[in-house]
file data-v7.pdb (PDB, C-alpha atoms)
ATOM      1  CA  MET A 164     -43.543  11.841  -1.901  1.00  0.00           C
ATOM      2  CA  LEU A 165     -41.681  14.245   0.377  1.00  0.00           C
ATOM      3  CA  LEU A 166     -39.560  11.415   1.729  1.00  0.00           C
ATOM      4  CA  SER A 167     -38.605  10.287  -1.751  1.00  0.00           C
ATOM      5  CA  VAL A 168     -37.594  13.826  -2.690  1.00  0.00           C
ATOM      6  CA  LEU A 169     -35.505  14.172   0.466  1.00  0.00           C
ATOM      7  CA  SER A 170     -33.941  10.787  -0.206  1.00  0.00           C
ATOM      8  CA  TRP A 171     -32.988  11.884  -3.705  1.00  0.00           C
ATOM      9  CA  LEU A 172     -31.568  15.197  -2.496  1.00  0.00           C
ATOM     10  CA  CYS A 173     -29.618  13.595   0.364  1.00  0.00           C
ATOM     11  CA  SER A 174     -28.625  10.280  -1.135  1.00  0.00           C
ATOM     12  CA  SER A 175     -25.264  10.792   0.533  1.00  0.00           C
ATOM     13  CA  LEU A 176     -24.919  12.125   4.079  1.00  0.00           C
ATOM     14  CA  LEU A 177     -21.531  13.558   3.158  1.00  0.00           C
ATOM     15  CA  LEU A 178     -23.003  15.522   0.290  1.00  0.00           C
ATOM     16  CA  CYS A 179     -25.722  16.938   2.567  1.00  0.00           C
ATOM     17  CA  VAL A 180     -23.320  17.944   5.309  1.00  0.00           C
ATOM     18  CA  SER A 181     -20.742  19.422   2.958  1.00  0.00           C
ATOM     19  CA  GLY A 182     -23.261  21.301   0.875  1.00  0.00           C
ATOM     20  CA  GLY A 183     -22.775  18.993  -2.114  1.00  0.00           C
ATOM     21  CA  LYS A 184     -19.033  19.593  -2.413  1.00  0.00           C
ATOM     22  CA  LEU A 185     -16.629  16.749  -1.707  1.00  0.00           C
ATOM     23  CA  PRO A 186     -13.374  17.687   0.013  1.00  0.00           C
ATOM     24  CA  GLU A 187     -10.461  17.925  -2.391  1.00  0.00           C
ATOM     25  CA  ALA A 188      -7.772  15.277  -2.094  1.00  0.00           C
ATOM     26  CA  GLU A 189      -4.499  16.490  -0.631  1.00  0.00           C
ATOM     27  CA  VAL A 190      -0.875  15.391  -0.749  1.00  0.00           C
ATOM     28  CA  THR A 191       0.901  14.796   2.552  1.00  0.00           C
ATOM     29  CA  ILE A 192       4.336  16.422   2.384  1.00  0.00           C
ATOM     30  CA  GLU A 193       7.303  15.663   4.637  1.00  0.00           C
ATOM     31  CA  VAL A 194      10.522  17.617   4.101  1.00  0.00           C
ATOM     32  CA  MET A 195      13.331  15.123   4.660  1.00  0.00           C
ATOM     33  CA  HIS A 196      16.180  17.511   3.849  1.00  0.00           C
ATOM     34  CA  ARG A 197      16.385  21.174   2.888  1.00  0.00           C
ATOM     35  CA  PRO A 198      19.671  22.968   2.151  1.00  0.00           C
ATOM     36  CA  PHE A 199      20.675  25.920   4.319  1.00  0.00           C
ATOM     37  CA  LEU A 200      20.914  28.192   1.277  1.00  0.00           C
ATOM     38  CA  CYS A 201      18.057  28.316  -1.226  1.00  0.00           C
ATOM     39  CA  HIS A 202      18.544  30.653  -4.176  1.00  0.00           C
ATOM     40  CA  ARG A 203      15.206  29.889  -5.809  1.00  0.00           C
ATOM     41  CA  LYS A 204      12.119  27.786  -5.198  1.00  0.00           C
ATOM     42  CA  SER A 205      10.272  25.684  -7.756  1.00  0.00           C
ATOM     43  CA  LYS A 206       7.084  27.027  -9.304  1.00  0.00           C
ATOM     44  CA  TYR A 207       4.700  25.936 -12.009  1.00  0.00           C
ATOM     45  CA  GLY A 208       6.432  26.140 -15.366  1.00  0.00           C
ATOM     46  CA  ASP A 209       9.927  25.339 -14.081  1.00  0.00           C
ATOM     47  CA  ILE A 210      11.871  22.344 -15.374  1.00  0.00           C
ATOM     48  CA  LEU A 211      13.004  20.099 -12.501  1.00  0.00           C
ATOM     49  CA  LEU A 212      15.738  17.447 -12.498  1.00  0.00           C
ATOM     50  CA  VAL A 213      14.883  14.752  -9.943  1.00  0.00           C
ATOM     51  CA  HIS A 214      15.674  11.288  -8.662  1.00  0.00           C
ATOM     52  CA  HIS A 215      12.665   9.446  -7.266  1.00  0.00           C
ATOM     53  CA  GLU A 216      11.519   6.226  -5.666  1.00  0.00           C
ATOM     54  CA  GLY A 217       7.910   5.028  -5.551  1.00  0.00           C
ATOM     55  CA  TYR A 218       6.368   2.679  -2.983  1.00  0.00           C
ATOM     56  CA  LEU A 219       3.028   0.924  -2.615  1.00  0.00           C
ATOM     57  CA  GLU A 220       1.094   0.982   0.666  1.00  0.00           C
ATOM     58  CA  ASN A 221       2.649  -2.335   1.750  1.00  0.00           C
ATOM     59  CA  GLY A 222       6.147  -0.892   1.363  1.00  0.00           C
ATOM     60  CA  THR A 223       6.951  -2.566  -1.955  1.00  0.00           C
ATOM     61  CA  MET A 224       9.050  -0.374  -4.240  1.00  0.00           C
ATOM     62  CA  PHE A 225       7.511  -0.213  -7.710  1.00  0.00           C
ATOM     63  CA  HIS A 226      10.015   2.163  -9.308  1.00  0.00           C
ATOM     64  CA  SER A 227      13.413   3.760  -8.695  1.00  0.00           C
ATOM     65  CA  SER A 228      15.113   6.131 -11.124  1.00  0.00           C
ATOM     66  CA  ARG A 229      18.448   5.247  -9.511  1.00  0.00           C
ATOM     67  CA  ALA A 230      18.040   1.523 -10.192  1.00  0.00           C
ATOM     68  CA  GLU A 231      16.113   1.369 -13.476  1.00  0.00           C
ATOM     69  CA  GLY A 232      16.675   2.533 -17.041  1.00  0.00           C
ATOM     70  CA  ASP A 233      19.847   4.588 -17.464  1.00  0.00           C
ATOM     71  CA  LYS A 234      19.878   5.241 -13.677  1.00  0.00           C
ATOM     72  CA  GLN A 235      20.019   8.987 -14.327  1.00  0.00           C
ATOM     73  CA  PRO A 236      17.792  11.657 -12.795  1.00  0.00           C
ATOM     74  CA  VAL A 237      14.909  12.735 -14.993  1.00  0.00           C
ATOM     75  CA  TRP A 238      13.720  16.134 -16.237  1.00  0.00           C
ATOM     76  CA  PHE A 239      10.072  17.179 -16.261  1.00  0.00           C
ATOM     77  CA  THR A 240       8.063  20.393 -16.321  1.00  0.00           C
ATOM     78  CA  LEU A 241       6.107  21.199 -13.167  1.00  0.00           C
ATOM     79  CA  GLY A 242       2.437  22.082 -13.468  1.00  0.00           C
ATOM     80  CA  ILE A 243       1.503  21.013 -17.011  1.00  0.00           C
ATOM     81  CA  LYS A 244       0.240  17.504 -16.170  1.00  0.00           C
ATOM     82  CA  GLU A 245       3.409  15.883 -17.450  1.00  0.00           C
ATOM     83  CA  VAL A 246       3.468  13.929 -14.181  1.00  0.00           C
ATOM     84  CA  ILE A 247       0.708  12.874 -11.760  1.00  0.00           C
ATOM     85  CA  LYS A 248      -1.275  15.585  -9.982  1.00  0.00           C
ATOM     86  CA  GLY A 249       0.298  14.620  -6.666  1.00  0.00           C
ATOM     87  CA  TRP A 250       3.729  15.614  -7.962  1.00  0.00           C
ATOM     88  CA  ASP A 251       2.469  18.883  -9.442  1.00  0.00           C
ATOM     89  CA  LYS A 252       0.970  19.763  -6.053  1.00  0.00           C
ATOM     90  CA  GLY A 253       3.677  18.341  -3.817  1.00  0.00           C
ATOM     91  CA  LEU A 254       6.826  19.611  -5.544  1.00  0.00           C
ATOM     92  CA  GLN A 255       6.072  23.335  -5.463  1.00  0.00           C
ATOM     93  CA  ASP A 256       8.330  25.671  -3.460  1.00  0.00           C
ATOM     94  CA  MET A 257      11.235  23.213  -3.398  1.00  0.00           C
ATOM     95  CA  CYS A 258      14.907  24.173  -3.328  1.00  0.00           C
ATOM     96  CA  SER A 259      17.675  22.591  -5.367  1.00  0.00           C
ATOM     97  CA  GLY A 260      19.093  19.870  -3.130  1.00  0.00           C
ATOM     98  CA  GLU A 261      15.854  19.401  -1.197  1.00  0.00           C
ATOM     99  CA  LYS A 262      14.366  15.963  -0.583  1.00  0.00           C
ATOM    100  CA  ARG A 263      10.694  15.316   0.163  1.00  0.00           C
ATOM    101  CA  LYS A 264       8.443  12.409   1.001  1.00  0.00           C
ATOM    102  CA  LEU A 265       5.038  12.637  -0.668  1.00  0.00           C
ATOM    103  CA  VAL A 266       2.062  10.489   0.283  1.00  0.00           C
ATOM    104  CA  VAL A 267      -0.301  10.724  -2.683  1.00  0.00           C
ATOM    105  CA  PRO A 268      -3.944   9.570  -2.516  1.00  0.00           C
ATOM    106  CA  PRO A 269      -5.440   7.658  -5.481  1.00  0.00           C
ATOM    107  CA  ALA A 270      -7.320  10.712  -6.787  1.00  0.00           C
ATOM    108  CA  LEU A 271      -3.991  12.498  -7.334  1.00  0.00           C
ATOM    109  CA  ALA A 272      -2.145   9.408  -8.603  1.00  0.00           C
ATOM    110  CA  TYR A 273      -3.538   6.658 -10.878  1.00  0.00           C
ATOM    111  CA  GLY A 274      -7.097   6.509  -9.507  1.00  0.00           C
ATOM    112  CA  LYS A 275      -9.479   3.674 -10.298  1.00  0.00           C
ATOM    113  CA  GLU A 276      -7.469   2.430 -13.268  1.00  0.00           C
ATOM    114  CA  GLY A 277      -4.057   1.865 -11.726  1.00  0.00           C
ATOM    115  CA  LYS A 278      -1.006   1.557 -13.972  1.00  0.00           C
ATOM    116  CA  GLY A 279       1.447  -1.305 -14.546  1.00  0.00           C
ATOM    117  CA  LYS A 280       2.566  -2.574 -11.145  1.00  0.00           C
ATOM    118  CA  ILE A 281       0.262  -0.103  -9.384  1.00  0.00           C
ATOM    119  CA  PRO A 282      -3.156  -1.561  -8.417  1.00  0.00           C
ATOM    120  CA  PRO A 283      -6.340   0.518  -8.706  1.00  0.00           C
ATOM    121  CA  GLU A 284      -7.129   2.908  -5.840  1.00  0.00           C
ATOM    122  CA  SER A 285      -3.556   2.871  -4.534  1.00  0.00           C
ATOM    123  CA  THR A 286      -2.162   5.444  -2.145  1.00  0.00           C
ATOM    124  CA  LEU A 287       1.462   5.905  -3.179  1.00  0.00           C
ATOM    125  CA  THR A 288       4.548   7.149  -1.361  1.00  0.00           C
ATOM    126  CA  PHE A 289       7.354   8.879  -3.236  1.00  0.00           C
ATOM    127  CA  ILE A 290      10.818   9.918  -2.085  1.00  0.00           C
ATOM    128  CA  ILE A 291      11.883  12.736  -4.414  1.00  0.00           C
ATOM    129  CA  GLU A 292      15.148  14.676  -4.491  1.00  0.00           C
ATOM    130  CA  VAL A 293      15.518  17.797  -6.650  1.00  0.00           C
ATOM    131  CA  PHE A 294      18.955  18.392  -8.169  1.00  0.00           C
ATOM    132  CA  GLU A 295      18.304  21.351 -10.456  1.00  0.00           C
ATOM    133  CA  ILE A 296      15.588  23.915 -11.120  1.00  0.00           C
ATOM    134  CA  ARG A 297      15.644  25.751 -14.434  1.00  0.00           C
ATOM    135  CA  ASN A 298      13.430  28.296 -16.157  1.00  0.00           C
ATOM    136  CA  GLY A 299      10.944  26.352 -18.235  1.00  0.00           C
ATOM    137  CA  PRO A 300       9.144  27.401 -21.393  1.00  0.00           C
ATOM    138  CA  ARG A 301       6.261  28.691 -19.258  1.00  0.00           C
ATOM    139  CA  SER A 302       8.483  31.062 -17.242  1.00  0.00           C
ATOM    140  CA  HIS A 303       7.864  34.732 -17.897  1.00  0.00           C
ATOM    141  CA  GLU A 304      11.609  35.450 -17.874  1.00  0.00           C
ATOM    142  CA  SER A 305      12.127  33.098 -20.819  1.00  0.00           C
ATOM    143  CA  PHE A 306       9.818  34.757 -23.336  1.00  0.00           C
ATOM    144  CA  GLN A 307      12.350  37.105 -24.945  1.00  0.00           C
ATOM    145  CA  GLU A 308      14.991  34.389 -25.080  1.00  0.00           C
ATOM    146  CA  MET A 309      12.519  32.063 -26.795  1.00  0.00           C
ATOM    147  CA  ASP A 310      11.265  34.692 -29.271  1.00  0.00           C
ATOM    148  CA  LEU A 311      14.107  34.232 -31.763  1.00  0.00           C
ATOM    149  CA  ASN A 312      12.725  36.504 -34.495  1.00  0.00           C
ATOM    150  CA  ASP A 313      11.421  39.216 -32.117  1.00  0.00           C
ATOM    151  CA  ASP A 314       7.881  39.113 -33.498  1.00  0.00           C
ATOM    152  CA  TRP A 315       6.318  38.958 -29.992  1.00  0.00           C
ATOM    153  CA  ARG A 316       4.888  35.513 -30.512  1.00  0.00           C
ATOM    154  CA  LEU A 317       6.251  32.007 -30.036  1.00  0.00           C
ATOM    155  CA  SER A 318       6.153  29.251 -32.622  1.00  0.00           C
ATOM    156  CA  LYS A 319       6.442  25.557 -31.807  1.00  0.00           C
ATOM    157  CA  THR A 320       9.866  25.553 -33.427  1.00  0.00           C
ATOM    158  CA  GLU A 321      11.065  28.382 -31.167  1.00  0.00           C
ATOM    159  CA  VAL A 322       9.833  26.670 -28.005  1.00  0.00           C
ATOM    160  CA  LYS A 323      11.403  23.361 -28.999  1.00  0.00           C
ATOM    161  CA  GLU A 324      14.700  25.069 -29.864  1.00  0.00           C
ATOM    162  CA  TYR A 325      14.710  26.722 -26.440  1.00  0.00           C
ATOM    163  CA  LEU A 326      14.279  23.343 -24.752  1.00  0.00           C
ATOM    164  CA  ARG A 327      17.082  21.827 -26.809  1.00  0.00           C
ATOM    165  CA  LYS A 328      19.494  24.630 -25.864  1.00  0.00           C
ATOM    166  CA  GLU A 329      18.587  24.434 -22.183  1.00  0.00           C
ATOM    167  CA  PHE A 330      19.245  20.705 -22.074  1.00  0.00           C
ATOM    168  CA  GLU A 331      22.562  21.043 -23.920  1.00  0.00           C
ATOM    169  CA  ARG A 332      23.632  24.018 -21.794  1.00  0.00           C
ATOM    170  CA  HIS A 333      23.463  21.881 -18.695  1.00  0.00           C
ATOM    171  CA  GLY A 334      25.158  18.841 -20.158  1.00  0.00           C
ATOM    172  CA  TYR A 335      22.143  16.677 -21.010  1.00  0.00           C
ATOM    173  CA  PRO A 336      21.427  15.256 -24.454  1.00  0.00           C
ATOM    174  CA  PRO A 337      18.346  16.545 -26.271  1.00  0.00           C
ATOM    175  CA  ASN A 338      15.262  14.360 -26.069  1.00  0.00           C
ATOM    176  CA  ASP A 339      13.083  15.032 -29.121  1.00  0.00           C
ATOM    177  CA  THR A 340      10.170  12.916 -27.910  1.00  0.00           C
ATOM    178  CA  LEU A 341      10.070  14.649 -24.521  1.00  0.00           C
ATOM    179  CA  HIS A 342      10.461  18.077 -26.106  1.00  0.00           C
ATOM    180  CA  GLU A 343       7.640  17.472 -28.589  1.00  0.00           C
ATOM    181  CA  ASN A 344       5.320  16.264 -25.814  1.00  0.00           C
ATOM    182  CA  MET A 345       6.131  19.316 -23.709  1.00  0.00           C
ATOM    183  CA  VAL A 346       5.537  21.657 -26.658  1.00  0.00           C
ATOM    184  CA  ALA A 347       2.203  19.988 -27.430  1.00  0.00           C
ATOM    185  CA  ASP A 348       1.075  20.390 -23.801  1.00  0.00           C
ATOM    186  CA  ILE A 349       2.106  24.038 -23.707  1.00  0.00           C
ATOM    187  CA  PHE A 350       0.321  24.947 -26.950  1.00  0.00           C
ATOM    188  CA  GLU A 351      -2.801  23.037 -25.928  1.00  0.00           C
ATOM    189  CA  LYS A 352      -3.073  25.178 -22.796  1.00  0.00           C
ATOM    190  CA  GLU A 353      -1.746  28.556 -23.942  1.00  0.00           C
ATOM    191  CA  ASP A 354      -2.638  28.970 -27.619  1.00  0.00           C
ATOM    192  CA  GLU A 355      -6.093  30.381 -26.910  1.00  0.00           C
ATOM    193  CA  ASN A 356      -7.051  31.236 -30.479  1.00  0.00           C
ATOM    194  CA  LYS A 357      -5.443  28.070 -31.888  1.00  0.00           C
ATOM    195  CA  ASP A 358      -3.486  29.957 -34.540  1.00  0.00           C
ATOM    196  CA  GLY A 359      -0.339  27.913 -33.939  1.00  0.00           C
ATOM    197  CA  PHE A 360       1.449  30.662 -32.007  1.00  0.00           C
ATOM    198  CA  ILE A 361       1.574  31.853 -28.399  1.00  0.00           C
ATOM    199  CA  SER A 362       1.411  35.635 -28.342  1.00  0.00           C
ATOM    200  CA  SER A 363       3.067  37.669 -25.611  1.00  0.00           C
ATOM    201  CA  ARG A 364      -0.404  38.386 -24.213  1.00  0.00           C
ATOM    202  CA  GLU A 365      -1.375  34.705 -24.143  1.00  0.00           C
ATOM    203  CA  PHE A 366       1.946  33.720 -22.605  1.00  0.00           C
ATOM    204  CA  THR A 367       1.910  36.436 -19.926  1.00  0.00           C
ATOM    205  CA  TYR A 368      -1.729  35.865 -19.059  1.00  0.00           C
ATOM    206  CA  ARG A 369      -1.268  32.140 -18.606  1.00  0.00           C
ATOM    207  CA  HIS A 370       1.934  32.608 -16.628  1.00  0.00           C
ATOM    208  CA  ASP A 371       0.250  35.034 -14.224  1.00  0.00           C
ATOM    209  CA  GLU A 372      -2.419  32.406 -13.551  1.00  0.00           C
ATOM    210  CA  LEU A 373       0.112  29.841 -12.375  1.00  0.00           C
TER     211      LEU A 373
END

call {"tool": "encode", "arguments": {"input": "data-v7.pdb", "output": "structure tokens"}}
result
Amino acid sequence: MLLSVLSWLCSSLLLCVSGGKLPEAEVTIEVMHRPFLCHRKSKYGDILLVHHEGYLENGTMFHSSRAEGDKQPVWFTLGIKEVIKGWDKGLQDMCSGEKRKLVVPPALAYGKEGKGKIPPESTLTFIIEVFEIRNGPRSHESFQEMDLNDDWRLSKTEVKEYLRKEFERHGYPPNDTLHENMVADIFEKEDENKDGFISSREFTYRHDEL
């Protein structure tokens, strides 16, 4: 009986040795180029403009933003699960003009399911170059600019309008689908009482957590 109990408790040697907690997957980061001057570093909530290439473990390229689609760099918001976890972890504290190589384990990429050309349980390598870093809708500095009617709370319309202006200000056409997805993600995480608005308290509290 004792042996069966011990077997149940220690069904995995790793779990016994580690106290039942598996080590968290990590991204391997290699800085390939960093500019001499760096006026700001990326943080959760910032909008990043990047070019990227993705490679499988055998060296096969499965995607390149320079070669596919409109061949333009792409915008995304860091830290709101708009991209894979490996990017959210590996692209923090980057400078505009910096290039990194990320080696992302399956747990922080597409896991057991895979996606498209990417087989299940794939470790992926990305070459990512950041061209611009802008205040995103989760940046504390942006709250007053977003709060168009000065009522100390943000509506979905206000957040979307802010995104549209930011894109136009820097010479990029608005992308309604992207903006709506970003707004939905932000409200899902920050609208604690689900009243359809993000109050200054909710916004500040969530930002301080990042």

call {"tool": "closest_residue", "arguments": {"input": "data-v7.pdb", "among": "A:Ile361, A:Leu219, A:Cys258, A:Ala230", "to": "Val293 of chain A", "atoms": "only C-alpha atoms"}}
result
A:Cys258

call {"tool": "closest_residue", "arguments": {"input": "data-v7.pdb", "among": "A:Asp358, A:Glu220, A:Glu321, A:Asp314", "to": "Pro269 of chain A", "atoms": "all atoms listed in the file"}}
result
A:Glu220

call {"tool": "closest_residue", "arguments": {"input": "data-v7.pdb", "among": "A:Glu365, A:Ser205, A:Asp310, A:Tyr273", "to": "Glu351 of chain A", "atoms": "all atoms listed in the file"}}
result
A:Glu365

call {"tool": "atom_distance", "arguments": {"input": "data-v7.pdb", "atom1": "atom CA of Gly208 of chain A", "atom2": "atom CA of Asn344 of chain A"}}
result
14.4 Å

call {"tool": "atom_distance", "arguments": {"input": "data-v7.pdb", "atom1": "atom CA of Lys206 of chain A", "atom2": "atom CA of Phe225 of chain A"}}
result
27.3 Å

call {"tool": "atom_distance", "arguments": {"input": "data-v7.pdb", "atom1": "atom CA of Glu276 of chain A", "atom2": "atom CA of Leu341 of chain A"}}
result
24.2 Å

call {"tool": "closest_residue", "arguments": {"input": "data-v7.pdb", "among": "A:Lys204, A:Lys278, A:Lys319, A:Lys352", "to": "Ile247 of chain A", "atoms": "only C-alpha atoms"}}
result
A:Lys278

call {"tool": "closest_residue", "arguments": {"input": "data-v7.pdb", "among": "A:Met224, A:Leu317, A:Leu211, A:Leu326", "to": "Phe289 of chain A", "atoms": "all atoms listed in the file"}}
result
A:Met224

call {"tool": "resolve_selection", "arguments": {"input": "data-v7.pdb", "expression": "the PyMOL selection byres ((chain A and resi 213) around 10)", "output": "VMD selection string"}}
result
chain A and resid 210 to 212 214 to 215 228 235 to 239 259 to 262 291 to 296

call {"tool": "closest_residue", "arguments": {"input": "data-v7.pdb", "among": "A:Ala272, A:Leu241, A:Leu287, A:Ala188", "to": "His226 of chain A", "atoms": "only C-alpha atoms"}}
result
A:Leu287

call {"tool": "residues_around", "arguments": {"input": "data-v7.pdb", "residues": "Gly274 of chain A", "least_positions_apart": "2", "cutoff": "9 Å", "atoms": "all atoms listed in the file", "output": "VMD selection string"}}
result
chain A and resid 268 to 272 276 to 277 283 to 286

call {"tool": "write_last_selection", "arguments": {"input": "data-v7.pdb", "atoms": "C-alpha atoms", "output": "mmCIF file, keeping the file's coordinate frame"}}
result
data_model
loop_
_atom_site.group_PDB
_atom_site.id
_atom_site.type_symbol
_atom_site.label_atom_id
_atom_site.label_comp_id
_atom_site.auth_asym_id
_atom_site.auth_seq_id
_atom_site.Cartn_x
_atom_site.Cartn_y
_atom_site.Cartn_z
ATOM 1 C CA PRO A 268 -3.944 9.570 -2.516
ATOM 2 C CA PRO A 269 -5.440 7.658 -5.481
ATOM 3 C CA ALA A 270 -7.320 10.712 -6.787
ATOM 4 C CA LEU A 271 -3.991 12.498 -7.334
ATOM 5 C CA ALA A 272 -2.145 9.408 -8.603
ATOM 6 C CA GLU A 276 -7.469 2.430 -13.268
ATOM 7 C CA GLY A 277 -4.057 1.865 -11.726
ATOM 8 C CA PRO A 283 -6.340 0.518 -8.706
ATOM 9 C CA GLU A 284 -7.129 2.908 -5.840
ATOM 10 C CA SER A 285 -3.556 2.871 -4.534
ATOM 11 C CA THR A 286 -2.162 5.444 -2.145
#

call {"tool": "residues_near_point", "arguments": {"input": "data-v7.pdb", "point": "(20.7, 8.8, -23.3)", "cutoff": "12 Å", "atoms": "all atoms listed in the file", "output": "ChimeraX atom specification"}}
result
/A:232-237,334-339

call {"tool": "residues_around", "arguments": {"input": "data-v7.pdb", "residues": "Thr320 of chain A", "least_positions_apart": "5", "cutoff": "12 Å", "atoms": "only C-alpha atoms", "output": "PyMOL selection string"}}
result
chain A and resi 309-312+325-327+339+342-343+346-347+350+359-361

call {"tool": "axis_aligned_box", "arguments": {"input": "data-v7.pdb", "around": "segment 209-224 of chain A", "padding_each_side": "6 Å", "output": "JSON"}}
result
{"center_x": 8.4, "center_y": 11.4, "center_z": -6.8, "size_x": 26.6, "size_y": 39.9, "size_z": 29.1}

call {"tool": "build_atoms", "arguments": {"input": "data-v7.pdb", "residues": "segment 266-273 of chain A", "atoms": "all heavy atoms", "output": "tab-separated table (two decimals), in the frame of the given file"}}
result
chain	number	residue	atom	x	y	z
A	266	VAL	N	3.07	11.54	0.22
A	266	VAL	CA	2.06	10.49	0.28
A	266	VAL	C	0.88	10.96	-0.55
A	266	VAL	O	0.22	11.96	-0.22
A	266	VAL	CB	1.63	10.19	1.73
A	266	VAL	CG1	0.58	9.09	1.75
A	266	VAL	CG2	2.84	9.79	2.57
A	267	VAL	N	0.65	10.26	-1.66
A	267	VAL	CA	-0.30	10.72	-2.68
A	267	VAL	C	-1.53	9.82	-2.70
A	267	VAL	O	-1.42	8.62	-2.95
A	267	VAL	CB	0.37	10.74	-4.07
A	267	VAL	CG1	-0.59	11.28	-5.12
A	267	VAL	CG2	1.66	11.57	-4.04
A	268	PRO	N	-2.72	10.38	-2.47
A	268	PRO	CA	-3.94	9.57	-2.52
A	268	PRO	C	-4.28	9.17	-3.95
A	268	PRO	O	-3.78	9.78	-4.91
A	268	PRO	CB	-5.01	10.51	-1.94
A	268	PRO	CG	-4.50	11.88	-2.24
A	268	PRO	CD	-3.00	11.79	-2.14
A	269	PRO	N	-5.12	8.15	-4.13
A	269	PRO	CA	-5.44	7.66	-5.48
A	269	PRO	C	-5.94	8.74	-6.44
A	269	PRO	O	-5.59	8.73	-7.62
A	269	PRO	CB	-6.53	6.61	-5.23
A	269	PRO	CG	-6.31	6.17	-3.82
A	269	PRO	CD	-5.78	7.35	-3.08
A	270	ALA	N	-6.74	9.67	-5.92
A	270	ALA	CA	-7.32	10.71	-6.79
A	270	ALA	C	-6.25	11.60	-7.42
A	270	ALA	O	-6.49	12.21	-8.46
A	270	ALA	CB	-8.31	11.57	-6.00
A	271	LEU	N	-5.08	11.68	-6.81
A	271	LEU	CA	-3.99	12.50	-7.33
A	271	LEU	C	-2.86	11.65	-7.90
A	271	LEU	O	-1.79	12.16	-8.22
A	271	LEU	CB	-3.45	13.41	-6.23
A	271	LEU	CG	-4.46	14.39	-5.63
A	271	LEU	CD1	-3.81	15.22	-4.53
A	271	LEU	CD2	-5.06	15.31	-6.70
A	272	ALA	N	-3.14	10.33	-8.03
A	272	ALA	CA	-2.14	9.41	-8.60
A	272	ALA	C	-2.76	8.71	-9.82
A	272	ALA	O	-3.01	9.36	-10.84
A	272	ALA	CB	-1.68	8.41	-7.55
A	273	TYR	N	-3.04	7.40	-9.72
A	273	TYR	CA	-3.54	6.66	-10.88
A	273	TYR	C	-4.98	6.18	-10.71
A	273	TYR	O	-5.47	5.39	-11.52
A	273	TYR	CB	-2.60	5.49	-11.18
A	273	TYR	CG	-1.22	5.95	-11.55
A	273	TYR	CD1	-0.18	5.93	-10.62
A	273	TYR	CD2	-0.95	6.46	-12.82
A	273	TYR	CE1	1.09	6.38	-10.96
A	273	TYR	CE2	0.30	6.91	-13.17
A	273	TYR	CZ	1.33	6.86	-12.24
A	273	TYR	OH	2.58	7.32	-12.58
